>>> print(open('query-v7.cif').read())   # mmCIF, C-alpha atoms
data_final
loop_
_atom_site.group_PDB
_atom_site.id
_atom_site.type_symbol
_atom_site.label_atom_id
_atom_site.label_comp_id
_atom_site.auth_asym_id
_atom_site.auth_seq_id
_atom_site.Cartn_x
_atom_site.Cartn_y
_atom_site.Cartn_z
ATOM 1 C CA MET A 132 -18.098 49.066 -34.085
ATOM 2 C CA LYS A 133 -15.457 51.587 -33.043
ATOM 3 C CA ILE A 134 -17.675 52.891 -30.226
ATOM 4 C CA TYR A 135 -18.189 49.330 -28.994
ATOM 5 C CA GLN A 136 -14.409 48.749 -28.987
ATOM 6 C CA LYS A 137 -13.757 51.992 -27.093
ATOM 7 C CA ILE A 138 -16.373 51.101 -24.482
ATOM 8 C CA ASP A 139 -14.891 47.609 -24.246
ATOM 9 C CA GLN A 140 -11.384 49.009 -23.714
ATOM 10 C CA ALA A 141 -12.612 51.531 -21.137
ATOM 11 C CA LEU A 142 -14.389 48.764 -19.221
ATOM 12 C CA ASP A 143 -11.252 46.601 -19.331
ATOM 13 C CA ILE A 144 -9.229 49.476 -17.849
ATOM 14 C CA PHE A 145 -11.915 50.109 -15.220
ATOM 15 C CA PHE A 146 -12.035 46.454 -14.166
ATOM 16 C CA GLN A 147 -8.232 46.358 -14.066
ATOM 17 C CA GLY A 148 -8.493 49.260 -11.595
ATOM 18 C CA CYS A 149 -10.984 47.217 -9.550
ATOM 19 C CA TYR A 150 -8.452 44.385 -9.560
ATOM 20 C CA TYR A 151 -5.741 46.649 -8.151
ATOM 21 C CA LEU A 152 -8.159 48.117 -5.601
ATOM 22 C CA ALA A 153 -9.046 44.624 -4.387
ATOM 23 C CA GLY A 154 -5.326 43.829 -4.167
ATOM 24 C CA PHE A 155 -4.727 46.993 -2.150
ATOM 25 C CA LEU A 156 -7.565 46.050 0.200
ATOM 26 C CA LEU A 157 -5.972 42.626 0.629
ATOM 27 C CA PHE A 158 -2.705 44.349 1.587
ATOM 28 C CA VAL A 159 -4.561 46.537 4.129
ATOM 29 C CA LEU A 160 -6.305 43.427 5.459
ATOM 30 C CA LEU A 161 -2.996 41.630 5.962
ATOM 31 C CA PHE A 162 -1.473 44.703 7.608
ATOM 32 C CA LEU A 163 -4.397 44.984 10.048
ATOM 33 C CA CYS A 164 -4.152 41.272 10.810
ATOM 34 C CA PHE A 165 -0.455 41.660 11.577
ATOM 35 C CA ALA A 166 -1.156 44.750 13.712
ATOM 36 C CA THR A 167 -3.842 42.854 15.630
ATOM 37 C CA VAL A 168 -1.525 39.954 16.424
ATOM 38 C CA LEU A 169 1.323 42.271 17.361
ATOM 39 C CA SER A 170 -0.859 44.429 19.617
ATOM 40 C CA ARG A 171 -2.174 41.355 21.427
ATOM 41 C CA MET A 172 1.355 40.085 21.969
ATOM 42 C CA LEU A 173 2.308 43.442 23.463
ATOM 43 C CA GLY A 174 -0.663 43.310 25.835
ATOM 44 C CA THR A 175 -2.652 46.222 24.392
ATOM 45 C CA PRO A 176 -5.090 44.691 21.902
ATOM 46 C CA LEU A 177 -6.668 46.883 19.264
ATOM 47 C CA THR A 178 -10.409 46.331 19.535
ATOM 48 C CA TRP A 179 -11.429 47.907 16.235
ATOM 49 C CA THR A 180 -9.140 45.948 13.908
ATOM 50 C CA ASP A 181 -11.194 42.730 13.913
ATOM 51 C CA GLU A 182 -14.245 44.628 12.755
ATOM 52 C CA ALA A 183 -12.252 46.621 10.206
ATOM 53 C CA GLN A 184 -10.810 43.390 8.801
ATOM 54 C CA ARG A 185 -14.280 41.911 8.402
ATOM 55 C CA PHE A 186 -15.568 45.037 6.630
ATOM 56 C CA ILE A 187 -12.519 45.212 4.348
ATOM 57 C CA MET A 188 -12.929 41.542 3.423
ATOM 58 C CA ILE A 189 -16.584 42.148 2.510
ATOM 59 C CA TRP A 190 -15.676 45.165 0.361
ATOM 60 C CA MET A 191 -12.786 43.292 -1.258
ATOM 61 C CA THR A 192 -15.095 40.417 -2.208
ATOM 62 C CA PHE A 193 -17.704 42.618 -3.853
ATOM 63 C CA ILE A 194 -15.087 44.676 -5.702
ATOM 64 C CA ALA A 195 -13.279 41.559 -6.988
ATOM 65 C CA CYS A 196 -16.452 39.770 -8.134
ATOM 66 C CA PRO A 197 -16.908 41.717 -11.412
ATOM 67 C CA VAL A 198 -13.200 41.304 -12.144
ATOM 68 C CA LEU A 199 -13.617 37.530 -11.977
ATOM 69 C CA ILE A 200 -16.654 37.720 -14.250
ATOM 70 C CA VAL A 201 -14.791 39.733 -16.899
ATOM 71 C CA ARG A 202 -11.732 37.472 -16.712
ATOM 72 C CA LYS A 203 -13.955 34.377 -16.732
ATOM 73 C CA GLU A 204 -12.231 33.100 -13.601
ATOM 74 C CA HIS A 205 -15.353 32.627 -11.485
ATOM 75 C CA LEU A 206 -16.670 29.212 -10.591
ATOM 76 C CA VAL A 207 -18.615 27.465 -13.317
ATOM 77 C CA VAL A 208 -20.202 24.091 -13.687
ATOM 78 C CA ASP A 209 -18.923 22.727 -16.957
ATOM 79 C CA LEU A 210 -21.184 19.707 -17.304
ATOM 80 C CA ILE A 211 -22.261 21.003 -20.684
ATOM 81 C CA GLN A 212 -18.790 20.380 -22.093
ATOM 82 C CA SER A 213 -18.940 16.778 -20.907
ATOM 83 C CA PHE A 214 -22.374 15.887 -22.261
ATOM 84 C CA VAL A 215 -22.892 18.098 -25.307
ATOM 85 C CA LYS A 216 -20.634 17.392 -28.250
ATOM 86 C CA LYS A 217 -21.809 19.926 -30.843
ATOM 87 C CA ASP A 218 -20.102 23.305 -30.551
ATOM 88 C CA LYS A 219 -23.171 25.168 -31.785
ATOM 89 C CA VAL A 220 -25.329 23.683 -29.020
ATOM 90 C CA LYS A 221 -22.649 24.466 -26.429
ATOM 91 C CA ARG A 222 -22.601 28.113 -27.522
ATOM 92 C CA VAL A 223 -26.370 28.331 -27.190
ATOM 93 C CA PHE A 224 -26.188 26.881 -23.674
ATOM 94 C CA TYR A 225 -23.391 29.243 -22.656
ATOM 95 C CA LEU A 226 -25.183 32.277 -24.082
ATOM 96 C CA SER A 227 -28.370 31.203 -22.290
ATOM 97 C CA GLY A 228 -26.382 30.860 -19.061
ATOM 98 C CA ASP A 229 -24.913 34.335 -19.517
ATOM 99 C CA ILE A 230 -28.381 35.804 -19.987
ATOM 100 C CA PHE A 231 -29.688 33.913 -16.943
ATOM 101 C CA VAL A 232 -26.853 35.215 -14.742
ATOM 102 C CA LEU A 233 -27.452 38.752 -16.008
ATOM 103 C CA LEU A 234 -31.162 38.519 -15.195
ATOM 104 C CA PHE A 235 -30.407 37.136 -11.728
ATOM 105 C CA LEU A 236 -27.997 39.997 -11.005
ATOM 106 C CA LEU A 237 -30.594 42.527 -12.151
ATOM 107 C CA TYR A 238 -33.142 40.928 -9.825
ATOM 108 C CA PHE A 239 -30.654 40.812 -6.927
ATOM 109 C CA LEU A 240 -29.876 44.529 -7.152
ATOM 110 C CA GLY A 241 -33.259 45.511 -5.649
ATOM 111 C CA PRO A 242 -32.869 43.530 -2.394
ATOM 112 C CA CYS A 243 -29.315 44.842 -2.048
ATOM 113 C CA LEU A 244 -30.510 48.434 -2.218
ATOM 114 C CA LYS A 245 -33.270 47.649 0.285
ATOM 115 C CA MET A 246 -30.751 46.124 2.702
ATOM 116 C CA VAL A 247 -28.551 49.219 2.551
ATOM 117 C CA SER A 248 -31.458 51.559 3.227
ATOM 118 C CA MET A 249 -32.664 49.419 6.148
ATOM 119 C CA ASN A 250 -29.238 49.439 7.822
ATOM 120 C CA MET A 251 -28.267 53.106 7.532
ATOM 121 C CA ILE A 252 -29.329 53.728 11.139
ATOM 122 C CA ALA A 253 -27.542 50.716 12.674
ATOM 123 C CA LYS A 254 -23.987 51.293 13.930
ATOM 124 C CA SER A 255 -21.126 48.819 14.102
ATOM 125 C CA SER A 256 -20.172 47.759 17.612
ATOM 126 C CA ALA A 257 -16.481 48.698 17.739
ATOM 127 C CA MET A 258 -15.976 51.400 15.111
ATOM 128 C CA ARG A 259 -19.448 52.978 15.450
ATOM 129 C CA ILE A 260 -19.833 53.543 11.709
ATOM 130 C CA SER A 261 -23.123 53.158 9.873
ATOM 131 C CA MET A 262 -23.696 49.586 8.742
ATOM 132 C CA GLY A 263 -25.228 51.073 5.606
ATOM 133 C CA LEU A 264 -21.729 52.201 4.632
ATOM 134 C CA VAL A 265 -20.541 48.635 5.030
ATOM 135 C CA TYR A 266 -23.467 47.178 3.087
ATOM 136 C CA VAL A 267 -23.271 49.723 0.262
ATOM 137 C CA CYS A 268 -20.610 47.455 -1.228
ATOM 138 C CA MET A 269 -23.365 44.956 -2.099
ATOM 139 C CA PRO A 270 -25.316 47.083 -4.607
ATOM 140 C CA LEU A 271 -22.009 48.523 -5.833
ATOM 141 C CA GLY A 272 -20.566 45.054 -6.412
ATOM 142 C CA VAL A 273 -23.786 43.746 -7.945
ATOM 143 C CA GLY A 274 -24.032 46.826 -10.185
ATOM 144 C CA LEU A 275 -20.456 46.346 -11.362
ATOM 145 C CA SER A 276 -21.150 42.640 -11.837
ATOM 146 C CA ILE A 277 -24.158 43.543 -14.016
ATOM 147 C CA ILE A 278 -21.888 45.687 -16.180
ATOM 148 C CA ALA A 279 -19.268 42.926 -16.332
ATOM 149 C CA GLN A 280 -21.833 40.230 -17.145
ATOM 150 C CA ALA A 281 -23.449 42.455 -19.793
ATOM 151 C CA LYS A 282 -20.010 42.946 -21.364
ATOM 152 C CA ILE A 283 -19.400 39.193 -21.464
ATOM 153 C CA THR A 284 -22.925 38.475 -22.731
ATOM 154 C CA VAL A 285 -22.607 41.003 -25.564
ATOM 155 C CA GLU A 286 -19.169 39.622 -26.516
ATOM 156 C CA ASN A 287 -20.532 36.067 -26.601
ATOM 157 C CA ALA A 288 -23.647 37.101 -28.535
ATOM 158 C CA VAL A 289 -21.576 38.965 -31.132
ATOM 159 C CA ARG A 290 -19.238 35.969 -31.462
ATOM 160 C CA PHE A 291 -22.233 33.614 -31.765
ATOM 161 C CA ILE A 292 -23.819 35.753 -34.518
ATOM 162 C CA GLN A 293 -20.528 36.041 -36.419
ATOM 163 C CA GLU A 294 -19.933 32.294 -36.254
ATOM 164 C CA ARG A 295 -23.503 31.668 -37.371
ATOM 165 C CA LYS A 296 -22.987 33.937 -40.400
ATOM 166 C CA GLU A 297 -19.746 32.117 -41.232
ATOM 167 C CA GLY A 298 -21.564 28.773 -40.997
ATOM 168 C CA LYS A 299 -19.647 27.266 -38.091
#
>>> encode(input="query-v7.cif", output="structure tokens")
Amino acid sequence: MKIYQKIDQALDIFFQGCYYLAGFLLFVLLFLCFATVLSRMLGTPLTWTDEAQRFIMIWMTFIACPVLIVRKEHLVVDLIQSFVKKDKVKRVFYLSGDIFVLLFLLYFLGPCLKMVSMNMIAKSSAMRISMGLVYVCMPLGVGLSIIAQAKITVENAVRFIQERKEGK
């Protein structure tokens, strides 16, 4: 169990780093937005900042996604809580949902990798960087989300097994 706890702590630290990275990207995004407005007011608009803002927002989204999964702050439909009264049944539904999300993320990783490889040749219009570099955030974010969802699924499964042994 000590190895599991060390891995869990290391993942928590890693996802905290992702949180700060996403916050830094938000700061850069706001700075570029301010620079864009200011440059347009001065009559010399920066043409590359709109594209850079879009790319930063995409990267920020895919880096923040696993953080939301680990913190359990992502959107959920909690109809189960309204209709199911037994806690044991709720736990089974939630664990099943965790497994379903994990399987979907594993499936989604393949198309993300394919999209990156298909767009390595294409260049962005203003900054002339490879669109593959922009899209590489998708498999990265999905891969990190798989790790985050696996962490949550294992935690919930362990909790479910312990509660089952205790007779709850």
>>> closest_atom_pairs(input="query-v7.cif", of="stretch 138-189 of chain A", to="stretch 283-298 of chain A", cutoff="12 Å", atoms="only C-alpha atoms", output="Markdown table")
| residue | atom | partner | partner_atom | distance |
| --- | --- | --- | --- | --- |
| A:Ile138 | CA | A:Val285 | CA | 11.9 |
| A:Asp139 | CA | A:Glu286 | CA | 9.3 |
| A:Leu142 | CA | A:Ile283 | CA | 11.0 |
| A:Asp143 | CA | A:Ile283 | CA | 11.2 |
>>> residues_around(input="query-v7.cif", residues="A:Val267", least_positions_apart="5", cutoff="10 Å", atoms="only C-alpha atoms", output="MDAnalysis selection string")
chainID A and resid 190 193 243:244 246:248 250:251 262 272
>>> atom_distance(input="query-v7.cif", atom1="atom CA of A:Gln280", atom2="atom CA of A:Gly241")
17.0 Å
>>> residues_around(input="query-v7.cif", residues="stretch 229-236 of chain A", least_positions_apart="4", cutoff="7 Å", atoms="only C-alpha atoms", output="JSON, numbers by chain")
{"A": [225, 240, 273, 277, 280, 281, 284]}
>>> closest_residue(input="query-v7.cif", among="A:Ala279, A:Leu163, A:Leu156, A:Val220", to="A:Trp179", atoms="all atoms listed in the file")
A:Leu163
>>> closest_residue(input="query-v7.cif", among="A:Leu177, A:Ala195, A:Leu226, A:Leu275", to="A:Phe165", atoms="only C-alpha atoms")
A:Leu177
>>> residues_around(input="query-v7.cif", residues="A:Leu152", least_positions_apart="5", cutoff="9 Å", atoms="only C-alpha atoms", output="list in words")
Gln147, Leu157, Met191, Ile194 and Ala195 of chain A
>>> atom_distance(input="query-v7.cif", atom1="atom CA of A:Lys203", atom2="atom CA of A:Phe158")
23.7 Å
>>> atom_distance(input="query-v7.cif", atom1="atom CA of A:Phe224", atom2="atom CA of A:Ile211")
7.7 Å
>>> residues_around(input="query-v7.cif", residues="A:Leu206", least_positions_apart="6", cutoff="12 Å", atoms="all atoms listed in the file", output="list of chain:residue names")
A:Cys196, A:Leu199, A:Ile200
>>> residues_around(input="query-v7.cif", residues="A:Phe146", least_positions_apart="3", cutoff="8 Å", atoms="only C-alpha atoms", output="VMD selection string")
chain A and resid 142 to 143 149 to 150 197 to 198 201
